[in-house]
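Have a look at coords.txt below; it lists compact mmCIF, C-alpha atoms.
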# COMPACT_ATOMS: atom_id res chain seq x y z
CA MET A 29 -7.27 -8.14 5.54
CA LYS A 30 -8.12 -4.62 4.42
CA SER A 31 -5.51 -2.55 2.61
CA ILE A 32 -4.26 0.83 3.81
CA LYS A 33 -6.34 2.54 1.12
CA GLU A 34 -9.58 0.94 2.36
CA LYS A 35 -8.75 1.76 5.98
CA GLN A 36 -7.88 5.36 5.13
CA ASN A 37 -11.25 5.77 3.40
CA THR A 38 -13.05 4.65 6.58
CA SER A 39 -11.02 6.83 8.96
CA TYR A 40 -13.70 9.54 9.15
CA ALA A 41 -16.36 7.13 10.41
CA ALA A 42 -13.96 5.54 12.90
CA LEU A 43 -12.57 8.79 14.35
CA LYS A 44 -15.46 11.28 14.09
CA ASP A 45 -16.86 10.62 17.59
CA ALA A 46 -13.49 10.76 19.32
CA PHE A 47 -12.40 14.04 17.73
CA GLY A 48 -15.73 15.70 16.89
CA TYR A 49 -15.35 15.80 13.12
CA THR A 50 -18.31 17.31 11.29
CA ASN A 51 -16.91 16.94 7.79
CA VAL A 52 -15.09 14.13 5.94
CA MET A 53 -12.30 16.54 5.02
CA GLN A 54 -11.37 16.99 8.70
CA ALA A 55 -10.22 13.37 9.04
CA PRO A 56 -6.44 12.81 8.75
CA ARG A 57 -5.03 11.58 5.44
CA LEU A 58 -1.68 10.16 4.38
CA LYS A 59 0.30 12.72 2.39
CA SER A 60 3.67 11.08 1.64
CA VAL A 61 6.26 8.59 2.81
CA SER A 62 9.99 9.39 2.73
CA VAL A 63 12.51 6.56 2.85
CA SER A 64 16.09 7.69 3.49
CA SER A 65 19.36 5.91 4.06
CA GLY A 66 22.97 6.89 4.62
CA VAL A 67 25.59 5.24 2.45
CA GLY A 68 28.22 4.76 5.16
CA SER A 69 31.54 4.89 3.36
CA PHE A 70 30.89 7.61 0.81
CA LYS A 71 34.24 7.00 -0.96
CA ASP A 72 33.16 3.46 -1.91
CA LYS A 73 31.25 3.95 -5.19
CA LYS A 74 30.19 0.29 -5.26
CA LYS A 75 28.43 0.58 -1.90
CA ILE A 76 26.59 3.72 -3.07
CA GLU A 77 25.35 1.81 -6.12
CA ILE A 78 24.24 -1.12 -3.92
CA VAL A 79 22.22 1.20 -1.64
CA LEU A 80 20.62 2.96 -4.62
CA ASP A 81 19.75 -0.35 -6.31
CA ARG A 82 18.26 -1.99 -3.22
CA LEU A 83 16.22 1.08 -2.25
CA ALA A 84 14.84 1.13 -5.80
CA LYS A 85 13.83 -2.55 -5.45
CA ILE A 86 12.19 -1.99 -2.07
CA THR A 87 10.24 1.16 -2.94
CA GLY A 88 9.61 0.67 -6.65
CA GLN A 89 10.99 4.13 -7.41
CA LYS A 90 14.48 5.39 -8.20
CA PRO A 91 16.08 7.12 -5.19
CA SER A 92 17.88 10.43 -5.46
CA SER A 93 21.40 10.90 -4.12
CA ARG A 94 21.99 13.50 -1.43
CA GLY A 95 25.31 15.32 -1.22
CA ALA A 96 27.16 16.72 1.78
CA LYS A 97 26.23 20.32 2.49
CA GLN A 98 29.71 21.28 3.67
CA SER A 99 33.23 19.91 3.74
CA ILE A 100 34.42 18.31 6.99
CA ALA A 101 38.16 17.67 7.14
CA SER A 102 38.09 15.15 10.00
CA PHE A 103 35.67 12.93 8.02
CA LYS A 104 37.60 13.56 4.78
CA SER A 105 34.37 14.60 3.08
CA ARG A 106 33.99 17.33 0.53
CA GLU A 107 30.97 19.42 -0.28
CA GLY A 108 28.80 17.52 -2.75
CA ASP A 109 30.05 14.00 -1.90
CA VAL A 110 27.16 11.51 -1.85
CA VAL A 111 26.34 10.78 1.82
CA GLY A 112 22.76 9.51 1.58
CA THR A 113 19.77 8.62 -0.55
CA LEU A 114 16.12 9.64 -0.43
CA VAL A 115 12.89 8.39 -1.98
CA THR A 116 9.59 10.25 -1.55
CA LEU A 117 6.53 8.13 -2.27
CA ARG A 118 3.00 9.38 -2.93
CA GLY A 119 -0.22 7.87 -4.19
CA ALA A 120 -0.42 4.18 -5.09
CA ARG A 121 3.30 3.52 -4.50
CA MET A 122 3.03 5.00 -1.01
CA LEU A 123 0.02 2.84 -0.16
CA GLY A 124 1.68 -0.29 -1.54
CA PHE A 125 4.87 0.38 0.41
CA LEU A 126 2.94 0.92 3.66
CA ASP A 127 0.98 -2.32 3.13
CA LYS A 128 4.28 -4.16 2.68
CA LEU A 129 5.86 -2.42 5.67
CA ILE A 130 3.02 -3.31 8.06
CA ALA A 131 2.20 -6.81 6.82
CA VAL A 132 5.63 -8.16 5.89
CA ALA A 133 8.65 -6.10 6.98
CA LEU A 134 7.81 -5.16 10.57
CA PRO A 135 6.83 -8.72 11.62
CA ARG A 136 10.11 -10.00 10.14
CA THR A 137 12.17 -7.54 12.21
CA LYS A 138 14.30 -9.20 14.85
CA ASP A 139 12.82 -8.93 18.39
CA PHE A 140 9.92 -6.79 17.20
CA ARG A 141 7.49 -5.92 19.99
CA GLY A 142 5.63 -3.08 18.38
CA LEU A 143 6.30 0.51 17.40
CA SER A 144 6.75 3.13 20.08
CA ALA A 145 3.79 5.48 20.41
CA PHE A 146 6.37 8.22 20.93
CA SER A 147 7.64 7.87 17.35
CA VAL A 148 4.72 10.16 16.40
CA ASP A 149 5.78 13.80 16.64
CA GLU A 150 3.64 16.80 17.63
CA MET A 151 2.88 17.66 14.00
CA GLY A 152 1.24 14.27 13.37
CA ASN A 153 4.08 12.57 11.48
CA MET A 154 5.69 9.24 12.37
CA THR A 155 9.32 8.21 11.90
CA ILE A 156 10.32 4.55 12.02
CA GLY A 157 13.90 3.25 11.98
CA VAL A 158 14.49 -0.03 10.16
CA ARG A 159 17.86 -1.50 11.16
CA GLU A 160 18.24 -3.99 8.32
CA HIS A 161 16.92 -3.61 4.80
CA THR A 162 16.80 -7.41 4.48
CA VAL A 163 13.40 -7.54 6.25
CA PHE A 164 11.81 -6.56 2.94
CA PRO A 165 11.06 -9.53 0.67
CA GLU A 166 12.77 -8.01 -2.41
CA THR A 167 16.21 -8.16 -0.78
CA ALA A 168 16.00 -11.08 1.65
CA ASP A 169 18.16 -13.49 -0.32
CA GLU A 170 21.20 -11.23 -0.69
CA GLU A 171 24.52 -11.36 1.11
CA LEU A 172 24.65 -10.02 4.64
CA LYS A 173 27.87 -8.05 4.28
CA ASP A 174 26.19 -5.00 2.73
CA VAL A 175 23.29 -4.58 5.16
CA PHE A 176 22.15 -1.01 5.76
CA GLY A 177 19.39 0.67 7.74
CA MET A 178 16.84 3.22 6.69
CA GLY A 179 14.48 5.78 8.12
CA VAL A 180 10.83 5.81 7.09
CA THR A 181 8.91 9.05 7.71
CA ILE A 182 5.14 8.97 7.23
CA VAL A 183 3.63 12.43 6.74
CA THR A 184 -0.07 12.93 7.55
CA SER A 185 -2.50 15.81 7.69
CA ALA A 186 -3.23 15.17 11.40
CA LYS A 187 -3.24 18.27 13.59
CA ASN A 188 -1.52 16.79 16.67
CA SER A 189 0.09 13.62 17.99
CA LYS A 190 -3.03 12.29 19.73
CA GLU A 191 -5.07 12.48 16.53
CA ALA A 192 -2.19 10.95 14.54
CA ARG A 193 -1.79 8.01 16.98
CA ALA A 194 -5.51 7.24 16.68
CA PHE A 195 -5.25 7.45 12.88
CA PHE A 196 -2.18 5.16 12.74
CA THR A 197 -3.87 2.67 15.08
CA HIS A 198 -6.92 2.67 12.80
CA LEU A 199 -4.63 2.01 9.80
CA GLY A 200 -3.20 -1.05 11.57
CA PHE A 201 0.24 0.08 12.73
CA PRO A 202 1.31 -2.25 15.56
CA PHE A 203 2.05 -0.01 18.55
CA SER A 204 3.71 -1.41 21.65
CA LYS A 205 1.50 -1.73 24.70
CA HIS A 206 4.38 -1.54 27.18
CA GLU A 207 5.44 2.12 27.05
CA LYS A 208 6.60 3.29 30.46
CA GLY A 209 8.31 6.36 31.85
CA ARG A 210 7.24 8.88 29.19
CA LYS A 211 4.26 11.15 28.80

Transcribe the structure of this file into structure tokens.
Amino acid sequence: MKSIKEKQNTSYAALKDAFGYTNVMQAPRLKSVSVSSGVGSFKDKKKIEIVLDRLAKITGQKPSSRGAKQSIASFKSREGDVVGTLVTLRGARMLGFLDKLIAVALPRTKDFRGLSAFSVDEMGNMTIGVREHTVFPETADEELKDVFGMGVTIVTSAKNSKEARAFFTHLGFPFSKHEKGRK
């Protein structure tokens, strides 16, 4: 099976007829991948440490903590309290994470029938929600009481959603074939 890096390098040849590319630089490229997660109970310092540790294991890079932008009395949160974490991957770590996401994590997801083609926005980026972090092999053997979800945003240089969908299909993202009711 080809890696994401090899497939990305052949994207110009695969997509040039469909989109009329005349130069290799016109073909879409992967720019970055952002993996973010909320911490749930932000008063529980142990849970924050668990989320930070497990995201570091999954991505291979230390996540940064994100604080609340404003105080909200009904949630008992104060400005600056840690409410989430974020990791931005580029280069080799990004490609390795995407290989692992496509080949290992998505097939292990419960009741997985493919990604929605509508998860690609008009600017050519795709956002995937992962409900349980335990689908990644680094954290599969841990207790199930501290399971959290995460959002994975893949940023590309594609100009529109049609071009991005073709690019993601070429890279091997498993899109669902049963999309109904949307344009």

Exercise: A:Leu83 partners within 10 Å, all atoms listed in the file, chain neighbours under 5 positions left out, as a PyMOL selection string: chain A and resi 63-65+77-78+88-91+113-115+161+166-167+178

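With distances taken over all atoms listed in the file, A:Phe203 is the one residue among A:Met154, A:Gly48, A:Ser39, A:Phe203 lying closest to A:Arg141.
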
Nearest to A:Pro165, chosen from A:Lys59, A:Lys128, A:Lys35, A:Lys30, with only C-alpha atoms counted in the distances: A:Lys128

Gap from atom CA of A:Val67 to atom CA of A:Asn153 - Å, one decimal: 24.5 Å

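Distance check against A:Ala194 using all atoms listed in the file: of A:Leu58, A:Val163, A:Ala46, A:Ile156, the minimum falls on A:Ala46.
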
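Proximity of A:Ile86, A:Asp109, A:Ala42, A:Ser204 to A:Lys73, computed with only C-alpha atoms, is greatest for A:Asp109.
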
One-decimal distance in Å that lies between atom CA of A:Asp174 and atom CA of A:Arg121: 25.5 Å

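As for atom CA of A:Arg159 and atom CA of A:Phe176, they are spaced 6.9 Å apart.
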